[in-house]
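J.: Structure incoming, see below.
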Amino acid sequence: MCDTCGCNITPGNRHLVISGKLSTTADGQSAVKVLQGLLHENDHQAAHNRAHFDSRGVLCINLMSSPGAGKTALLEATLQALGDELRIAVIEGDLETENDAERIRRHGVPAIQITTGTACHLDAHMVHDALHQLDLSSIDLVFIENVGNLVCPASFDLGHHRNVTLLSVTEGDDKPAKYPVMFRAADLMLLTKTDLLPVLDDFDCDAAETALRNLANPAPVIRVSSRKGAGMDAWLNWLRGEMRAQRERVEAGQSARPAVQPDGARLHDHQPHSHAQP
């Protein structure tokens, strides 16, 4: 994973490696030590980001999926439905272009585009830089649309509270089995583009849910069509429930951490991590 492809080093944390605190190591194990240090620094920054959200009562949701699963379309439908109910902002992650951010801005919602260059996921440092461009005191809900990728994003805490993983019916219903790190990290799985099911004979929604359960993940599964509106009420009600829970946590001085994957953390830095949720 990121140990070999190098995507642990992103535009957000590169300053730590280039003439920064992780540029040299004492024992000569540069590659391993730098990657471990980057993950430690990421978790530290994520905690800082989450403290920013919690101090202002903001809920932050991380959307993850393969490219083309319908994250931006889901956001557009959500903004149309909740625009008068919640104050929403969006952080967009892509390797290049501001295409998705421009789509969101057309709905009158602030959208900050992060272009990662070659990095296949967002990290906490990039999100922190984006937060400096948002007035969190005037926001209730922040969506982070992560880079389209079913591997690395699941292993990085951005300072958010919940992970939502989208699986389009145009993909295989065995994706949870093929990409267990991603789907174990899901606090909610959305089966998207369900309006296409009548013309698809090779996607079984029940089989997709069974594959998720086989990972011992009890997360709810909602079938939605952003274009036709099917399942949107269930999705919106889930969001409302998470908003209520966040407000209750803030009042009680508590927080929530996303289901960042122990498997992913081990694959990235070879050290056990505890990511228990409250």
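Identifiers for the structure tokens are assigned positionally: chains receive A, B, ... in sequence, residues are indexed from 1 per chain, and ligands are indexed from 1 in the order shown.
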Excluding segment 148-165 of chain A and any residue of its chain fewer than 3 positions from it, enumerate the residues within 7 Å of it, using only C-alpha atoms, and give them as a PDB file with N, CA, C and O atoms, in the first residue's frame.
T.:
```
ATOM      1  N   ASP A  43      -2.130  11.718  12.616  1.00  0.00           N
ATOM      2  CA  ASP A  43      -3.092  11.507  13.693  1.00  0.00           C
ATOM      3  C   ASP A  43      -3.131  12.706  14.644  1.00  0.00           C
ATOM      4  O   ASP A  43      -4.198  13.084  15.146  1.00  0.00           O
ATOM      5  N   ALA A  46      -5.057  15.353  12.852  1.00  0.00           N
ATOM      6  CA  ALA A  46      -6.469  14.978  12.809  1.00  0.00           C
ATOM      7  C   ALA A  46      -7.166  15.309  14.122  1.00  0.00           C
ATOM      8  O   ALA A  46      -8.300  15.805  14.119  1.00  0.00           O
ATOM      9  N   ALA A  47      -6.500  15.024  15.229  1.00  0.00           N
ATOM     10  CA  ALA A  47      -7.090  15.354  16.534  1.00  0.00           C
ATOM     11  C   ALA A  47      -7.306  16.857  16.662  1.00  0.00           C
ATOM     12  O   ALA A  47      -8.322  17.308  17.221  1.00  0.00           O
ATOM     13  N   ASN A  49      -7.814  18.932  14.098  1.00  0.00           N
ATOM     14  CA  ASN A  49      -8.955  19.265  13.230  1.00  0.00           C
ATOM     15  C   ASN A  49     -10.277  18.942  13.925  1.00  0.00           C
ATOM     16  O   ASN A  49     -11.219  19.740  13.887  1.00  0.00           O
ATOM     17  N   ARG A  50     -10.346  17.763  14.541  1.00  0.00           N
ATOM     18  CA  ARG A  50     -11.590  17.344  15.179  1.00  0.00           C
ATOM     19  C   ARG A  50     -11.942  18.273  16.347  1.00  0.00           C
ATOM     20  O   ARG A  50     -13.117  18.566  16.588  1.00  0.00           O
ATOM     21  N   LEU A  59     -20.481  18.795  12.601  1.00  0.00           N
ATOM     22  CA  LEU A  59     -20.336  17.386  12.253  1.00  0.00           C
ATOM     23  C   LEU A  59     -19.575  17.293  10.936  1.00  0.00           C
ATOM     24  O   LEU A  59     -19.871  18.030   9.988  1.00  0.00           O
ATOM     25  N   CYS A  60     -18.597  16.382  10.869  1.00  0.00           N
ATOM     26  CA  CYS A  60     -17.815  16.209   9.650  1.00  0.00           C
ATOM     27  C   CYS A  60     -17.947  14.771   9.158  1.00  0.00           C
ATOM     28  O   CYS A  60     -17.670  13.818   9.900  1.00  0.00           O
ATOM     29  N   ILE A  61     -18.363  14.622   7.906  1.00  0.00           N
ATOM     30  CA  ILE A  61     -18.584  13.324   7.280  1.00  0.00           C
ATOM     31  C   ILE A  61     -17.606  13.151   6.124  1.00  0.00           C
ATOM     32  O   ILE A  61     -17.477  14.024   5.259  1.00  0.00           O
ATOM     33  N   ASN A  62     -16.917  12.016   6.093  1.00  0.00           N
ATOM     34  CA  ASN A  62     -15.963  11.692   5.038  1.00  0.00           C
ATOM     35  C   ASN A  62     -16.614  10.727   4.054  1.00  0.00           C
ATOM     36  O   ASN A  62     -17.023   9.621   4.427  1.00  0.00           O
ATOM     37  N   LEU A  63     -16.745  11.135   2.788  1.00  0.00           N
ATOM     38  CA  LEU A  63     -17.329  10.292   1.749  1.00  0.00           C
ATOM     39  C   LEU A  63     -16.205   9.617   0.964  1.00  0.00           C
ATOM     40  O   LEU A  63     -15.319  10.288   0.436  1.00  0.00           O
ATOM     41  N   MET A  64     -16.283   8.285   0.868  1.00  0.00           N
ATOM     42  CA  MET A  64     -15.250   7.521   0.177  1.00  0.00           C
ATOM     43  C   MET A  64     -15.896   6.560  -0.815  1.00  0.00           C
ATOM     44  O   MET A  64     -16.980   6.027  -0.560  1.00  0.00           O
ATOM     45  N   SER A  65     -15.207   6.334  -1.926  1.00  0.00           N
ATOM     46  CA  SER A  65     -15.701   5.383  -2.920  1.00  0.00           C
ATOM     47  C   SER A  65     -14.671   5.259  -4.019  1.00  0.00           C
ATOM     48  O   SER A  65     -13.673   5.992  -4.052  1.00  0.00           O
ATOM     49  N   SER A  66     -14.926   4.356  -4.957  1.00  0.00           N
ATOM     50  CA  SER A  66     -14.139   4.328  -6.181  1.00  0.00           C
ATOM     51  C   SER A  66     -14.543   5.522  -7.049  1.00  0.00           C
ATOM     52  O   SER A  66     -15.595   6.136  -6.812  1.00  0.00           O
ATOM     53  N   PRO A  67     -13.741   5.877  -8.060  1.00  0.00           N
ATOM     54  CA  PRO A  67     -14.141   6.980  -8.947  1.00  0.00           C
ATOM     55  C   PRO A  67     -15.460   6.683  -9.641  1.00  0.00           C
ATOM     56  O   PRO A  67     -15.719   5.551 -10.068  1.00  0.00           O
ATOM     57  N   CYS A 120      -3.128   9.718  -3.697  1.00  0.00           N
ATOM     58  CA  CYS A 120      -4.393   9.036  -3.955  1.00  0.00           C
ATOM     59  C   CYS A 120      -5.367   9.120  -2.790  1.00  0.00           C
ATOM     60  O   CYS A 120      -6.342   8.368  -2.737  1.00  0.00           O
ATOM     61  N   HIS A 121      -5.129  10.015  -1.848  1.00  0.00           N
ATOM     62  CA  HIS A 121      -6.025  10.183  -0.707  1.00  0.00           C
ATOM     63  C   HIS A 121      -5.775  11.556  -0.095  1.00  0.00           C
ATOM     64  O   HIS A 121      -4.740  12.186  -0.343  1.00  0.00           O
ATOM     65  N   LEU A 122      -6.710  12.009   0.701  1.00  0.00           N
ATOM     66  CA  LEU A 122      -6.502  13.215   1.492  1.00  0.00           C
ATOM     67  C   LEU A 122      -5.858  12.840   2.824  1.00  0.00           C
ATOM     68  O   LEU A 122      -5.971  11.702   3.277  1.00  0.00           O
ATOM     69  N   ASP A 123      -5.180  13.799   3.421  1.00  0.00           N
ATOM     70  CA  ASP A 123      -4.683  13.588   4.774  1.00  0.00           C
ATOM     71  C   ASP A 123      -5.087  14.761   5.656  1.00  0.00           C
ATOM     72  O   ASP A 123      -5.675  15.749   5.187  1.00  0.00           O
ATOM     73  N   ALA A 124      -4.808  14.645   6.942  1.00  0.00           N
ATOM     74  CA  ALA A 124      -5.279  15.636   7.905  1.00  0.00           C
ATOM     75  C   ALA A 124      -4.651  17.001   7.681  1.00  0.00           C
ATOM     76  O   ALA A 124      -5.281  18.034   7.947  1.00  0.00           O
ATOM     77  N   VAL A 127      -6.560  18.772   4.899  1.00  0.00           N
ATOM     78  CA  VAL A 127      -7.864  19.219   5.400  1.00  0.00           C
ATOM     79  C   VAL A 127      -7.700  20.423   6.309  1.00  0.00           C
ATOM     80  O   VAL A 127      -8.500  21.373   6.262  1.00  0.00           O
ATOM     81  N   TYR A 179     -12.163  -5.370  -1.159  1.00  0.00           N
ATOM     82  CA  TYR A 179     -11.531  -4.207  -0.534  1.00  0.00           C
ATOM     83  C   TYR A 179     -11.943  -4.121   0.932  1.00  0.00           C
ATOM     84  O   TYR A 179     -12.612  -3.168   1.351  1.00  0.00           O
ATOM     85  N   VAL A 181     -10.435  -3.440   3.781  1.00  0.00           N
ATOM     86  CA  VAL A 181     -10.011  -2.316   4.616  1.00  0.00           C
ATOM     87  C   VAL A 181     -10.978  -1.146   4.465  1.00  0.00           C
ATOM     88  O   VAL A 181     -11.400  -0.537   5.450  1.00  0.00           O
ATOM     89  N   MET A 182     -11.362  -0.853   3.242  1.00  0.00           N
ATOM     90  CA  MET A 182     -12.282   0.251   2.996  1.00  0.00           C
ATOM     91  C   MET A 182     -13.646  -0.006   3.630  1.00  0.00           C
ATOM     92  O   MET A 182     -14.216   0.855   4.306  1.00  0.00           O
ATOM     93  N   PHE A 183     -14.184  -1.190   3.417  1.00  0.00           N
ATOM     94  CA  PHE A 183     -15.558  -1.420   3.852  1.00  0.00           C
ATOM     95  C   PHE A 183     -15.663  -1.724   5.343  1.00  0.00           C
ATOM     96  O   PHE A 183     -16.720  -1.511   5.939  1.00  0.00           O
ATOM     97  N   ALA A 185     -14.097   0.079   7.340  1.00  0.00           N
ATOM     98  CA  ALA A 185     -14.049   1.444   7.869  1.00  0.00           C
ATOM     99  C   ALA A 185     -15.378   2.175   7.756  1.00  0.00           C
ATOM    100  O   ALA A 185     -15.531   3.265   8.292  1.00  0.00           O
ATOM    101  N   ALA A 186     -16.360   1.586   7.077  1.00  0.00           N
ATOM    102  CA  ALA A 186     -17.621   2.283   6.818  1.00  0.00           C
ATOM    103  C   ALA A 186     -18.502   2.332   8.063  1.00  0.00           C
ATOM    104  O   ALA A 186     -18.775   1.304   8.687  1.00  0.00           O
ATOM    105  N   ASP A 187     -18.946   3.535   8.406  1.00  0.00           N
ATOM    106  CA  ASP A 187     -19.990   3.702   9.425  1.00  0.00           C
ATOM    107  C   ASP A 187     -21.372   3.627   8.779  1.00  0.00           C
ATOM    108  O   ASP A 187     -22.370   3.457   9.467  1.00  0.00           O
ATOM    109  N   LEU A 188     -21.399   3.769   7.471  1.00  0.00           N
ATOM    110  CA  LEU A 188     -22.614   3.622   6.665  1.00  0.00           C
ATOM    111  C   LEU A 188     -22.178   3.237   5.262  1.00  0.00           C
ATOM    112  O   LEU A 188     -21.216   3.797   4.733  1.00  0.00           O
ATOM    113  N   MET A 189     -22.877   2.274   4.661  1.00  0.00           N
ATOM    114  CA  MET A 189     -22.632   1.946   3.260  1.00  0.00           C
ATOM    115  C   MET A 189     -23.851   2.360   2.445  1.00  0.00           C
ATOM    116  O   MET A 189     -24.981   1.988   2.771  1.00  0.00           O
ATOM    117  N   LEU A 190     -23.605   3.149   1.409  1.00  0.00           N
ATOM    118  CA  LEU A 190     -24.656   3.563   0.492  1.00  0.00           C
ATOM    119  C   LEU A 190     -24.502   2.806  -0.819  1.00  0.00           C
ATOM    120  O   LEU A 190     -23.443   2.848  -1.441  1.00  0.00           O
ATOM    121  N   ALA A 256     -16.347  11.927  18.728  1.00  0.00           N
ATOM    122  CA  ALA A 256     -16.439  10.641  18.046  1.00  0.00           C
ATOM    123  C   ALA A 256     -15.316  10.549  17.032  1.00  0.00           C
ATOM    124  O   ALA A 256     -14.975  11.535  16.375  1.00  0.00           O
ATOM    125  N   ARG A 257     -14.753   9.357  16.919  1.00  0.00           N
ATOM    126  CA  ARG A 257     -13.699   9.130  15.937  1.00  0.00           C
ATOM    127  C   ARG A 257     -14.229   8.210  14.852  1.00  0.00           C
ATOM    128  O   ARG A 257     -15.058   7.346  15.110  1.00  0.00           O
ATOM    129  N   PRO A 258     -13.736   8.363  13.638  1.00  0.00           N
ATOM    130  CA  PRO A 258     -14.191   7.493  12.549  1.00  0.00           C
ATOM    131  C   PRO A 258     -13.623   6.089  12.717  1.00  0.00           C
ATOM    132  O   PRO A 258     -12.689   5.862  13.493  1.00  0.00           O
ATOM    133  N   ALA A 259     -14.165   5.170  11.959  1.00  0.00           N
ATOM    134  CA  ALA A 259     -13.718   3.777  12.027  1.00  0.00           C
ATOM    135  C   ALA A 259     -12.464   3.580  11.184  1.00  0.00           C
ATOM    136  O   ALA A 259     -12.436   2.791  10.241  1.00  0.00           O
ATOM    137  N   VAL A 260     -11.404   4.311  11.515  1.00  0.00           N
ATOM    138  CA  VAL A 260     -10.135   4.131  10.826  1.00  0.00           C
ATOM    139  C   VAL A 260      -9.674   2.698  11.061  1.00  0.00           C
ATOM    140  O   VAL A 260      -9.761   2.183  12.174  1.00  0.00           O
ATOM    141  N   GLN A 261      -9.203   2.027  10.018  1.00  0.00           N
ATOM    142  CA  GLN A 261      -9.007   0.590  10.052  1.00  0.00           C
ATOM    143  C   GLN A 261      -7.740   0.120  10.747  1.00  0.00           C
ATOM    144  O   GLN A 261      -6.646   0.518  10.372  1.00  0.00           O
ATOM    145  N   GLY A 264      -5.647  -1.380   8.085  1.00  0.00           N
ATOM    146  CA  GLY A 264      -4.961  -0.386   7.279  1.00  0.00           C
ATOM    147  C   GLY A 264      -3.790   0.232   8.009  1.00  0.00           C
ATOM    148  O   GLY A 264      -2.721   0.442   7.437  1.00  0.00           O
ATOM    149  N   ALA A 265      -3.980   0.515   9.305  1.00  0.00           N
ATOM    150  CA  ALA A 265      -2.886   1.094  10.082  1.00  0.00           C
ATOM    151  C   ALA A 265      -1.704   0.124  10.138  1.00  0.00           C
ATOM    152  O   ALA A 265      -0.546   0.520  10.037  1.00  0.00           O
TER     153      ALA A 265
END
```
J.: Using only C-alpha atoms, which residues sit within 7 Å of segment 241-253 of chain A once same-chain residues fewer than 2 positions away are excluded, as a list of chain:residue names?
T.: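 Residues meeting the cut-off are A:Asp54, A:Gly57, A:Leu59, A:Asn237, A:Trp238, A:Leu239, A:Ser255.
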J.: Quick check for you: according to DSSP on this backbone, which residues of segment 15-248 of chain A are classed as strand (DSSP E or B)? Reply as a PyMOL selection string.
T.: chain A and resi 59-64+88-94+111-115+141-145+162-168+188-192+221-223
J.: Closest to Thr78 of chain A among A:His40, A:Ile104, A:Ile139, A:Glu171, using only C-alpha atoms?
T.: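 Among the listed residues, A:Ile104 lies closest to Thr78 of chain A.
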J.: Do you know which residues are at most 6 Å from segment 211-213 of chain A counting only C-alpha atoms, after dropping those on the same chain fewer than 4 positions away, and could you put them as a ChimeraX atom specification?
T.: /A:176-177,217
J.: Generate the output file for the selected residues, all heavy atoms, as a PDB file, in the first residue's frame.
T.:
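Ended up saving to again10.pdb:
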```
ATOM      1  N   PRO A 176     -17.025  -5.266  -1.280  1.00  0.00           N
ATOM      2  CA  PRO A 176     -16.622  -5.326   0.131  1.00  0.00           C
ATOM      3  C   PRO A 176     -15.652  -6.458   0.434  1.00  0.00           C
ATOM      4  O   PRO A 176     -14.761  -6.309   1.284  1.00  0.00           O
ATOM      5  CB  PRO A 176     -17.949  -5.510   0.863  1.00  0.00           C
ATOM      6  CG  PRO A 176     -18.957  -4.876  -0.037  1.00  0.00           C
ATOM      7  CD  PRO A 176     -18.493  -5.228  -1.423  1.00  0.00           C
ATOM      8  N   ALA A 177     -15.814  -7.600  -0.238  1.00  0.00           N
ATOM      9  CA  ALA A 177     -14.893  -8.712  -0.027  1.00  0.00           C
ATOM     10  C   ALA A 177     -13.524  -8.426  -0.631  1.00  0.00           C
ATOM     11  O   ALA A 177     -12.487  -8.811  -0.079  1.00  0.00           O
ATOM     12  CB  ALA A 177     -15.474  -9.990  -0.636  1.00  0.00           C
ATOM     13  N   ASN A 217     -18.982  -6.117   9.936  1.00  0.00           N
ATOM     14  CA  ASN A 217     -19.337  -4.702  10.016  1.00  0.00           C
ATOM     15  C   ASN A 217     -20.854  -4.588  10.102  1.00  0.00           C
ATOM     16  O   ASN A 217     -21.562  -4.938   9.155  1.00  0.00           O
ATOM     17  CB  ASN A 217     -18.823  -3.943   8.788  1.00  0.00           C
ATOM     18  CG  ASN A 217     -19.000  -2.438   8.929  1.00  0.00           C
ATOM     19  OD1 ASN A 217     -19.795  -1.967   9.736  1.00  0.00           O
ATOM     20  ND2 ASN A 217     -18.258  -1.678   8.146  1.00  0.00           N
TER      21      ASN A 217
END
```
